[in-house]
file work.txt (compact mmCIF, C-alpha atoms and all ligand atoms)
# COMPACT_ATOMS: atom_id res chain seq x y z
CA MET T 1 90.41 -33.03 9.58
CA LYS T 2 88.79 -30.21 7.63
CA ALA T 3 88.91 -26.53 8.53
CA LEU T 4 87.56 -23.43 6.82
CA ILE T 5 90.48 -21.04 6.60
CA CYS T 6 90.29 -17.33 5.92
CA LYS T 7 93.38 -17.10 3.69
CA GLU T 8 93.26 -13.35 3.19
CA PRO T 9 90.51 -10.72 3.26
CA GLY T 10 87.54 -11.98 1.27
CA VAL T 11 88.94 -15.47 0.65
CA PHE T 12 87.74 -18.62 2.41
CA GLU T 13 89.09 -22.07 1.63
CA TYR T 14 88.43 -25.55 3.04
CA GLN T 15 91.70 -27.25 3.93
CA ASP T 16 92.88 -30.43 5.58
CA ILE T 17 94.82 -29.67 8.74
CA ASP T 18 96.38 -31.81 11.49
CA LYS T 19 94.18 -32.92 14.35
CA PRO T 20 95.10 -31.34 17.68
CA ILE T 21 97.05 -33.59 20.06
CA LEU T 22 96.12 -33.55 23.72
CA SER T 23 98.63 -31.59 25.77
CA GLU T 24 98.94 -30.69 29.44
CA GLY T 25 96.00 -28.76 30.87
CA GLN T 26 94.18 -28.81 27.52
CA ALA T 27 90.84 -30.17 26.37
CA ILE T 28 89.80 -31.24 22.90
CA ILE T 29 86.30 -30.32 21.78
CA LYS T 30 84.42 -31.69 18.80
CA ILE T 31 82.67 -28.65 17.33
CA GLU T 32 78.91 -28.97 16.82
CA ARG T 33 77.76 -25.37 16.32
CA ILE T 34 79.39 -22.06 15.39
CA GLY T 35 77.70 -18.69 15.93
CA ILE T 36 78.59 -16.01 13.39
CA CYS T 37 79.11 -12.45 14.51
CA GLY T 38 80.40 -9.03 13.50
CA THR T 39 83.96 -9.92 14.50
CA ASP T 40 83.94 -12.70 11.89
CA LEU T 41 82.61 -10.30 9.28
CA HIS T 42 85.28 -7.70 10.02
CA ALA T 43 87.98 -10.36 9.90
CA PHE T 44 86.67 -11.66 6.59
CA GLU T 45 86.44 -8.15 5.14
CA GLY T 46 89.88 -7.20 6.42
CA THR T 47 88.62 -4.43 8.71
CA GLN T 48 89.39 -6.17 12.00
CA PRO T 49 92.40 -4.60 13.76
CA PHE T 50 95.10 -6.88 15.25
CA PHE T 51 94.29 -9.55 12.70
CA SER T 52 96.67 -11.62 10.63
CA TYR T 53 96.04 -14.17 7.88
CA PRO T 54 95.64 -17.04 7.32
CA ARG T 55 93.29 -17.59 10.22
CA ILE T 56 90.52 -20.01 11.21
CA LEU T 57 87.61 -17.86 12.43
CA GLY T 58 84.91 -18.75 14.94
CA HIS T 59 84.64 -18.00 18.64
CA GLU T 60 80.96 -18.61 19.48
CA LEU T 61 81.14 -22.34 19.83
CA ALA T 62 79.35 -25.35 21.20
CA GLY T 63 80.56 -28.92 21.12
CA GLU T 64 81.29 -32.18 22.83
CA LEU T 65 84.25 -32.88 25.10
CA VAL T 66 86.36 -35.56 23.40
CA GLU T 67 89.30 -35.76 25.80
CA PHE T 68 90.99 -33.60 28.39
CA ASP T 69 93.94 -33.45 30.72
CA GLY T 70 93.56 -32.11 34.21
CA PRO T 71 91.15 -31.76 37.08
CA GLY T 72 87.61 -30.50 36.86
CA HIS T 73 84.07 -31.77 37.08
CA PHE T 74 83.94 -32.72 33.40
CA LYS T 75 83.73 -36.08 31.70
CA LYS T 76 84.08 -37.24 28.10
CA GLY T 77 80.88 -36.64 26.16
CA ASP T 78 79.87 -33.54 28.12
CA LYS T 79 78.37 -30.74 26.08
CA VAL T 80 80.53 -27.67 26.51
CA THR T 81 81.33 -24.21 25.37
CA PHE T 82 84.39 -22.26 26.52
CA VAL T 83 85.67 -18.77 27.26
CA PRO T 84 87.43 -18.07 23.95
CA TYR T 85 89.92 -15.45 25.18
CA PHE T 86 93.03 -16.78 26.82
CA PRO T 87 94.83 -14.48 29.28
CA CYS T 88 98.56 -14.53 30.04
CA GLY T 89 98.02 -14.82 33.80
CA SER T 90 100.89 -12.52 34.72
CA CYS T 91 100.23 -8.98 33.43
CA ILE T 92 98.84 -6.22 35.65
CA ALA T 93 95.24 -6.83 34.52
CA CYS T 94 95.56 -10.58 35.16
CA ARG T 95 97.12 -9.92 38.58
CA MET T 96 94.06 -7.81 39.44
CA GLY T 97 91.74 -10.62 38.32
CA LYS T 98 90.62 -8.61 35.29
CA ILE T 99 91.72 -11.34 32.92
CA ASN T 100 89.12 -10.23 30.36
CA CYS T 101 91.31 -7.21 29.56
CA CYS T 102 94.69 -8.96 29.79
CA ILE T 103 97.44 -7.06 27.97
CA ASN T 104 98.48 -10.18 26.08
CA ILE T 105 95.04 -11.68 25.57
CA ARG T 106 94.71 -14.15 22.71
CA GLY T 107 91.24 -14.58 21.31
CA ALA T 108 90.24 -17.75 19.48
CA GLY T 109 89.31 -16.87 15.93
CA VAL T 110 91.10 -13.52 16.21
CA HIS T 111 94.71 -13.77 17.43
CA ILE T 112 94.84 -17.56 17.24
CA ASP T 113 92.85 -20.11 15.26
CA GLY T 114 89.20 -20.53 16.22
CA GLY T 115 86.42 -23.04 15.78
CA MET T 116 85.52 -23.29 12.09
CA THR T 117 86.97 -26.77 12.14
CA GLU T 118 86.16 -30.27 13.43
CA LEU T 119 88.24 -30.28 16.61
CA ILE T 120 89.72 -27.53 18.74
CA SER T 121 92.13 -27.66 21.68
CA VAL T 122 91.47 -25.20 24.54
CA PRO T 123 92.64 -24.89 28.16
CA VAL T 124 90.57 -27.04 30.55
CA LYS T 125 90.09 -24.00 32.79
CA SER T 126 88.25 -22.19 30.00
CA LEU T 127 85.57 -24.91 29.73
CA VAL T 128 81.95 -24.08 30.50
CA MET T 129 79.52 -26.91 31.21
CA GLY T 130 76.50 -26.89 28.91
CA ASN T 131 74.81 -30.27 29.41
CA GLY T 132 71.07 -30.13 28.78
CA LEU T 133 71.14 -27.04 26.61
CA ASP T 134 70.27 -27.12 22.92
CA PRO T 135 73.59 -26.79 21.00
CA ASP T 136 72.24 -23.81 19.03
CA ILE T 137 71.67 -22.00 22.31
CA LEU T 138 74.94 -23.16 23.85
CA ALA T 139 76.81 -21.53 20.94
CA LEU T 140 75.33 -18.19 21.98
CA VAL T 141 76.59 -18.22 25.56
CA GLU T 142 79.60 -16.16 24.49
CA PRO T 143 77.76 -13.14 23.04
CA PHE T 144 75.32 -13.17 25.97
CA SER T 145 78.29 -13.19 28.35
CA ILE T 146 79.78 -10.16 26.60
CA SER T 147 76.52 -8.31 27.29
CA THR T 148 76.35 -9.64 30.84
CA HIS T 149 79.78 -8.22 31.60
CA ALA T 150 78.60 -4.74 30.61
CA VAL T 151 75.42 -5.14 32.67
CA ASN T 152 77.47 -6.25 35.68
CA LYS T 153 79.75 -3.24 35.32
CA ALA T 154 76.67 -0.97 35.44
CA GLU T 155 75.61 -2.49 38.83
CA ILE T 156 71.96 -1.97 37.96
CA GLN T 157 69.58 -1.24 40.85
CA LYS T 158 66.03 -2.54 40.80
CA GLY T 159 63.63 -0.19 39.03
CA GLU T 160 66.13 2.22 37.52
CA TYR T 161 65.87 3.27 33.88
CA VAL T 162 68.46 1.67 31.62
CA LEU T 163 68.79 2.98 28.09
CA VAL T 164 70.36 0.41 25.77
CA THR T 165 71.34 1.88 22.41
CA GLY T 166 71.85 -0.51 19.49
CA ALA T 167 69.60 -3.52 19.00
CA GLY T 168 72.04 -5.92 17.36
CA PRO T 169 72.58 -9.29 19.09
CA ILE T 170 74.87 -7.79 21.77
CA GLY T 171 72.47 -4.92 22.50
CA LEU T 172 69.47 -7.25 22.58
CA ALA T 173 71.24 -9.56 25.01
CA ALA T 174 72.19 -6.53 27.13
CA MET T 175 68.52 -5.52 27.24
CA GLU T 176 67.53 -8.97 28.44
CA MET T 177 70.29 -9.25 31.02
CA ALA T 178 69.68 -5.71 32.30
CA GLY T 179 66.00 -6.58 32.63
CA ILE T 180 66.88 -9.66 34.70
CA ALA T 181 69.07 -7.39 36.86
CA GLY T 182 65.95 -5.32 37.61
CA GLY T 183 66.31 -2.40 35.20
CA ARG T 184 63.42 -0.77 33.34
CA ILE T 185 64.66 -1.02 29.80
CA ILE T 186 64.46 1.64 27.13
CA SER T 187 65.57 0.25 23.81
CA MET T 188 66.84 2.46 21.00
CA ASP T 189 67.93 1.76 17.43
CA VAL T 190 67.35 3.16 13.95
CA ILE T 191 66.15 -0.05 12.28
CA GLU T 192 62.39 -0.50 12.64
CA GLN T 193 62.61 -4.27 12.22
CA ARG T 194 64.94 -4.53 15.21
CA LEU T 195 62.76 -2.23 17.29
CA ALA T 196 59.82 -4.47 16.46
CA PHE T 197 61.85 -7.43 17.74
CA CYS T 198 62.47 -5.57 21.02
CA ARG T 199 58.80 -4.81 21.41
CA ASP T 200 57.19 -8.01 20.14
CA VAL T 201 59.70 -10.71 21.05
CA LEU T 202 61.54 -9.32 24.06
CA GLY T 203 58.47 -7.50 25.41
CA ILE T 204 60.38 -4.29 26.09
CA GLU T 205 58.10 -1.54 27.31
CA TYR T 206 59.90 1.48 25.85
CA VAL T 207 61.15 1.22 22.28
CA ILE T 208 62.47 4.32 20.53
CA ASN T 209 63.65 5.11 17.02
CA ALA T 210 66.87 7.11 17.44
CA SER T 211 66.38 8.90 14.13
CA LYS T 212 63.18 10.60 15.34
CA ASP T 213 64.37 13.12 17.96
CA PRO T 214 64.45 10.63 20.82
CA GLU T 215 65.41 13.11 23.56
CA GLU T 216 61.88 14.34 24.33
CA THR T 217 60.54 10.79 24.50
CA ILE T 218 63.30 9.61 26.82
CA LYS T 219 62.80 12.62 29.08
CA GLU T 220 59.08 11.92 29.20
CA ILE T 221 59.46 8.19 29.93
CA THR T 222 61.78 8.88 32.85
CA GLY T 223 59.59 11.63 34.30
CA GLY T 224 62.21 14.25 33.49
CA ASP T 225 65.01 12.36 35.28
CA TRP T 226 66.73 10.76 32.24
CA PRO T 227 68.11 7.19 32.44
CA THR T 228 70.58 6.55 35.25
CA VAL T 229 72.35 3.92 33.13
CA ILE T 230 73.18 4.02 29.44
CA ILE T 231 74.70 0.97 27.76
CA ASP T 232 75.98 1.71 24.28
CA ALA T 233 75.96 -1.28 21.96
CA THR T 234 75.97 0.69 18.71
CA GLY T 235 79.69 1.13 18.23
CA ASN T 236 78.58 4.29 16.45
CA LYS T 237 80.53 7.46 17.15
CA ASP T 238 77.60 9.90 16.90
CA SER T 239 75.38 7.73 19.01
CA ILE T 240 78.05 7.42 21.71
CA MET T 241 78.67 11.16 21.77
CA LYS T 242 74.96 11.91 22.04
CA SER T 243 74.54 9.59 25.01
CA PHE T 244 76.49 11.92 27.34
CA SER T 245 73.67 14.46 27.27
CA MET T 246 70.91 11.87 27.74
CA LEU T 247 72.22 10.63 31.08
CA ALA T 248 70.74 11.41 34.50
CA HIS T 249 72.82 13.37 36.95
CA GLY T 250 74.83 10.84 38.98
CA GLY T 251 74.45 8.25 36.22
CA ARG T 252 76.85 5.92 34.48
CA ILE T 253 77.63 5.02 30.90
CA VAL T 254 79.01 1.66 29.81
CA MET T 255 80.54 1.53 26.36
CA LEU T 256 80.09 -2.00 25.14
CA GLY T 257 80.37 -1.42 21.41
CA ILE T 258 83.59 -0.22 19.84
CA GLN T 259 84.41 2.04 16.92
CA ARG T 260 87.68 3.32 15.54
CA ASP T 261 87.47 7.08 16.01
CA GLU T 262 88.08 9.36 18.92
CA ILE T 263 85.05 10.47 20.90
CA CYS T 264 84.59 13.80 22.60
CA PHE T 265 82.05 15.31 24.95
CA SER T 266 81.37 18.52 26.80
CA HIS T 267 83.43 18.59 29.95
CA PRO T 268 80.95 20.83 31.85
CA GLU T 269 78.08 18.45 30.95
CA PHE T 270 80.20 15.48 32.01
CA HIS T 271 81.28 17.22 35.20
CA LYS T 272 77.95 18.51 36.40
CA ARG T 273 76.47 15.00 36.18
CA GLU T 274 79.50 13.49 37.91
CA THR T 275 79.28 10.96 35.08
CA THR T 276 80.82 7.55 35.56
CA LEU T 277 82.19 6.34 32.23
CA MET T 278 83.17 2.72 31.76
CA SER T 279 84.12 0.43 28.93
CA SER T 280 83.35 -3.26 28.83
CA ARG T 281 85.61 -5.80 27.15
CA ASN T 282 85.02 -9.54 26.75
CA ALA T 283 83.62 -11.39 29.78
CA LEU T 284 84.62 -13.51 32.75
CA LYS T 285 84.11 -17.25 33.29
CA THR T 286 81.63 -16.54 36.11
CA GLU T 287 79.54 -14.59 33.61
CA PHE T 288 79.56 -17.50 31.15
CA ASP T 289 78.32 -19.79 33.94
CA TYR T 290 75.65 -17.26 34.92
CA VAL T 291 74.40 -17.03 31.32
CA VAL T 292 74.17 -20.84 31.14
CA LYS T 293 72.10 -20.75 34.33
CA CYS T 294 69.78 -18.09 32.88
CA MET T 295 69.42 -20.17 29.71
CA ARG T 296 68.63 -23.30 31.74
CA ASP T 297 66.04 -21.32 33.72
CA LYS T 298 64.56 -20.17 30.38
CA LEU T 299 64.90 -16.50 31.30
CA LEU T 300 66.23 -15.56 27.86
CA ARG T 301 64.63 -15.68 24.41
CA VAL T 302 67.80 -16.97 22.80
CA SER T 303 66.25 -19.17 20.13
CA SER T 304 64.32 -16.18 18.75
CA TYR T 305 67.67 -14.53 17.91
CA ILE T 306 68.51 -17.30 15.45
CA THR T 307 67.18 -16.08 12.12
CA HIS T 308 69.56 -17.98 9.84
CA LYS T 309 71.07 -21.47 9.85
CA THR T 310 73.47 -23.21 7.54
CA LYS T 311 75.78 -26.25 7.39
CA PHE T 312 79.55 -26.10 7.76
CA THR T 313 80.17 -27.54 4.28
CA ARG T 314 78.11 -24.68 2.78
CA LEU T 315 79.53 -21.93 4.97
CA LYS T 316 82.16 -20.81 2.47
CA ASP T 317 79.48 -19.86 -0.07
CA GLU T 318 76.82 -18.69 2.36
CA PHE T 319 78.98 -16.56 4.66
CA PRO T 320 78.39 -13.17 2.97
CA ARG T 321 74.63 -13.75 2.95
CA LEU T 322 74.66 -14.58 6.68
CA LEU T 323 75.84 -11.12 7.59
CA ASP T 324 73.94 -8.93 5.19
CA PRO T 325 71.60 -6.73 7.27
CA ALA T 326 69.26 -6.61 4.26
CA ASN T 327 68.45 -10.26 5.00
CA GLY T 328 67.08 -9.34 8.43
CA VAL T 329 69.73 -11.43 10.14
CA ILE T 330 70.01 -11.19 13.89
CA LYS T 331 72.05 -14.31 14.54
CA ALA T 332 73.29 -16.99 12.20
CA ILE T 333 74.25 -20.46 13.40
CA VAL T 334 76.38 -22.99 11.56
CA GLU T 335 75.76 -26.68 12.10
CA MET T 336 78.76 -29.01 11.77
CA ASP T 337 77.92 -31.62 9.12
CA LEU T 338 81.24 -33.46 8.75
ZN ZN C 401 81.13 -12.80 18.61
ZN ZN C 402 97.51 -10.91 31.30
call {"tool": "encode", "arguments": {"input": "work.txt", "output": "structure tokens", "more": "lines below"}}
Ligand SMILES: [Zn+2]
Ligand SMILES: [Zn+2]
result
Amino acid sequence: MKALICKEPGVFEYQDIDKPILSEGQAIIKIERIGICGTDLHAFEGTQPFFSYPRILGHELAGELVEFDGPGHFKKGDKVTFVPYFPCGSCIACRMGKINCCINIRGAGVHIDGGMTELISVPVKSLVMGNGLDPDILALVEPFSISTHAVNKAEIQKGEYVLVTGAGPIGLAAMEMAGIAGGRIISMDVIEQRLAFCRDVLGIEYVINASKDPEETIKEITGGDWPTVIIDATGNKDSIMKSFSMLAHGGRIVMLGIQRDEICFSHPEFHKRETTLMSSRNALKTEFDYVVKCMRDKLLRVSSYITHKTKFTRLKDEFPRLLDPANGVIKAIVEMDL
């Protein structure tokens, strides 16, 4: 079968590889759609930490269950996605049930080969049922689950102000999920086109350009209280550091994006607010199932995120274009055409 292999930074190549053989507790999925995201870009560019080459990328996947070994409510032909990070099951995080931040976690398309191929073998227990969903949408369960995990960590109360900074796909999904959780969403970014998406497509009431002294506006919107929750999806150091002073007293910050530098903040400002600071990594199976439910109930505007589509056999040539912000890309989806 064919796979698209990232041989080294900047180099993709189609290669014939062996088909996976069914082993104990595993399932084999025929890939139908692949979502492209920042992780893939960083891997391709060589800026993704913990990454070794050659590697098959792709972790936002939708497909059909071909065969599987083990119990479960699945049958051959089911449309599925899966939780693409595989925990060790025995480290301290796993023993606490926080398998999303397992010490030895292996992510498909990052630490081990992912889904830019015809067939993939994954543990049965990672499978997520997706029957009835459009495959394009099913491929986006993973990024929505990432955002859902951050929203769950924030434990949003009905009617509270939630500032989400960064209107990339993960931030946009966080805005939608936080809205479902009952938050009043304030969306912030520096790209006008993305702010327009928040306003016109997602129907977000408060949309702010971060480059235009946003503090006064945020203070005004919240009646002088400031937001009680801030979810950072920028992965931008300056933006993260600024958020500490835009938080309500008693509020909490969830850092969903990641960047490479150290961050610092004023201890007195942090202290006087009794700030709760959290990070959010990956997502749990229950969150994948919840996202599927929200998609089935049509609570999310997922299909509007898909601005670019291509075929697998053209992916090698089209990949750079799919991630260039100048093309107005929010989400690109690859259709398997083998
Ligand atoms: Zn992703
Ligand atoms: Zn573990």
call {"tool": "residues_near_ligand", "arguments": {"input": "work.txt", "ligand": "ligand ZN 402 (chain C)", "cutoff": "6 Å", "atoms": "all atoms listed in the file", "output": "ChimeraX atom specification"}}
result
/T:87-91,93-94,102-104
call {"tool": "residues_near_ligand", "arguments": {"input": "work.txt", "ligand": "ligand ZN 401 (chain C)", "cutoff": "7 Å", "atoms": "only C-alpha atoms and all ligand atoms", "output": "list in words"}}
result
Ile36, Cys37, Gly38, Thr39, His59, Glu60, Glu142 and Pro143 of chain T
call {"tool": "write_last_selection", "arguments": {"input": "work.txt", "atoms": "C-alpha atoms", "output": "PDB file, keeping the file's coordinate frame"}}
result
ATOM      1  CA  ILE T  36      78.590 -16.010  13.390  1.00  0.00           C
ATOM      2  CA  CYS T  37      79.110 -12.450  14.510  1.00  0.00           C
ATOM      3  CA  GLY T  38      80.400  -9.030  13.500  1.00  0.00           C
ATOM      4  CA  THR T  39      83.960  -9.920  14.500  1.00  0.00           C
ATOM      5  CA  HIS T  59      84.640 -18.000  18.640  1.00  0.00           C
ATOM      6  CA  GLU T  60      80.960 -18.610  19.480  1.00  0.00           C
ATOM      7  CA  GLU T 142      79.600 -16.160  24.490  1.00  0.00           C
ATOM      8  CA  PRO T 143      77.760 -13.140  23.040  1.00  0.00           C
TER       9      PRO T 143
END
call {"tool": "residues_around", "arguments": {"input": "work.txt", "residues": "range 40-53 of chain T", "least_positions_apart": "4", "cutoff": "12 Å", "atoms": "all atoms listed in the file", "output": "number ranges by chain"}}
result
T: 4-13, 34-36, 57-60, 104-116, 258-260, 316, 319-325, 332
call {"tool": "residues_around", "arguments": {"input": "work.txt", "residues": "Pro20 in chain T", "least_positions_apart": "3", "cutoff": "9 Å", "atoms": "all atoms listed in the file", "output": "PyMOL selection string"}}
result
chain T and resi 23+28+119-121
call {"tool": "atom_distance", "arguments": {"input": "work.txt", "atom1": "CA of Ile31 in chain T", "atom2": "CA of Met175 in chain T"}}
result
28.9 Å
call {"tool": "residues_around", "arguments": {"input": "work.txt", "residues": "Thr117 in chain T", "least_positions_apart": "5", "cutoff": "10 Å", "atoms": "only C-alpha atoms", "output": "PyMOL selection string"}}
result
chain T and resi 1-5+14-17+19+30-32+34+56-58+312+336+338
call {"tool": "closest_residue", "arguments": {"input": "work.txt", "among": "T:Met96, T:Gly70, T:Leu133, T:Val151", "to": "Glu287 in chain T", "atoms": "all atoms listed in the file"}}
result
T:Val151
call {"tool": "residues_around", "arguments": {"input": "work.txt", "residues": "Thr313 in chain T", "least_positions_apart": "2", "cutoff": "7 Å", "atoms": "only C-alpha atoms", "output": "MDAnalysis selection string"}}
result
chainID T and resid 311 315 337
call {"tool": "atom_distance", "arguments": {"input": "work.txt", "atom1": "CA of Ile231 in chain T", "atom2": "CA of Ala62 in chain T"}}
result
27.5 Å
call {"tool": "closest_residue", "arguments": {"input": "work.txt", "among": "T:Lys309, T:Arg301, T:Arg314, T:Lys219", "to": "Phe144 in chain T", "atoms": "all atoms listed in the file"}}
result
T:Arg301
call {"tool": "closest_residue", "arguments": {"input": "work.txt", "among": "T:Val201, T:Val254, T:Ser239, T:Glu192", "to": "Thr148 in chain T", "atoms": "all atoms listed in the file"}}
result
T:Val254
call {"tool": "closest_residue", "arguments": {"input": "work.txt", "among": "T:Ile170, T:Pro123, T:Phe86, T:Ala178", "to": "Leu65 in chain T", "atoms": "all atoms listed in the file"}}
result
T:Pro123
call {"tool": "atom_distance", "arguments": {"input": "work.txt", "atom1": "CA of Asn100 in chain T", "atom2": "CA of Pro135 in chain T"}}
result
24.6 Å
call {"tool": "residues_around", "arguments": {"input": "work.txt", "residues": "Arg199 in chain T", "least_positions_apart": "3", "cutoff": "12 Å", "atoms": "only C-alpha atoms", "output": "PyMOL selection string"}}
result
chain T and resi 167+172+175-176+185-189+192-196+202-209
call {"tool": "closest_residue", "arguments": {"input": "work.txt", "among": "T:Gly171, T:Thr222, T:Phe270, T:Leu163", "to": "Gly235 in chain T", "atoms": "only C-alpha atoms"}}
result
T:Gly171
call {"tool": "closest_residue", "arguments": {"input": "work.txt", "among": "T:Cys198, T:Leu61, T:Phe244, T:Thr310", "to": "Pro268 in chain T", "atoms": "all atoms listed in the file"}}
result
T:Phe244
call {"tool": "residues_near_point", "arguments": {"input": "work.txt", "point": "(74.7, -18.1, 24.9)", "cutoff": "12 Å", "atoms": "only C-alpha atoms", "output": "VMD selection string"}}
result
chain T and resid 33 to 35 59 to 62 80 to 83 128 to 130 133 to 148 169 to 170 173 177 287 to 296 298 to 303 305 to 306 331 333
call {"tool": "decode", "arguments": {"input": "work.txt", "residues": "range 219-230 of chain T", "atoms": "C-alpha atoms", "output": "JSON list (two decimals), in the first residue's frame"}}
result
[["chain", "number", "residue", "atom", "x", "y", "z"],
["T", 219, "LYS", "CA", -12.95, 45.96, 30.76],
["T", 220, "GLU", "CA", -15.99, 47.69, 29.28],
["T", 221, "ILE", "CA", -17.60, 44.47, 27.99],
["T", 222, "THR", "CA", -17.31, 42.81, 31.38],
["T", 223, "GLY", "CA", -18.63, 45.84, 33.28],
["T", 224, "GLY", "CA", -15.24, 46.40, 34.89],
["T", 225, "ASP", "CA", -14.98, 42.81, 36.19],
["T", 226, "TRP", "CA", -12.64, 41.35, 33.50],
["T", 227, "PRO", "CA", -13.17, 37.79, 32.20],
["T", 228, "THR", "CA", -13.24, 35.06, 34.84],
["T", 229, "VAL", "CA", -11.80, 32.57, 32.35],
["T", 230, "ILE", "CA", -9.06, 33.09, 29.78]]
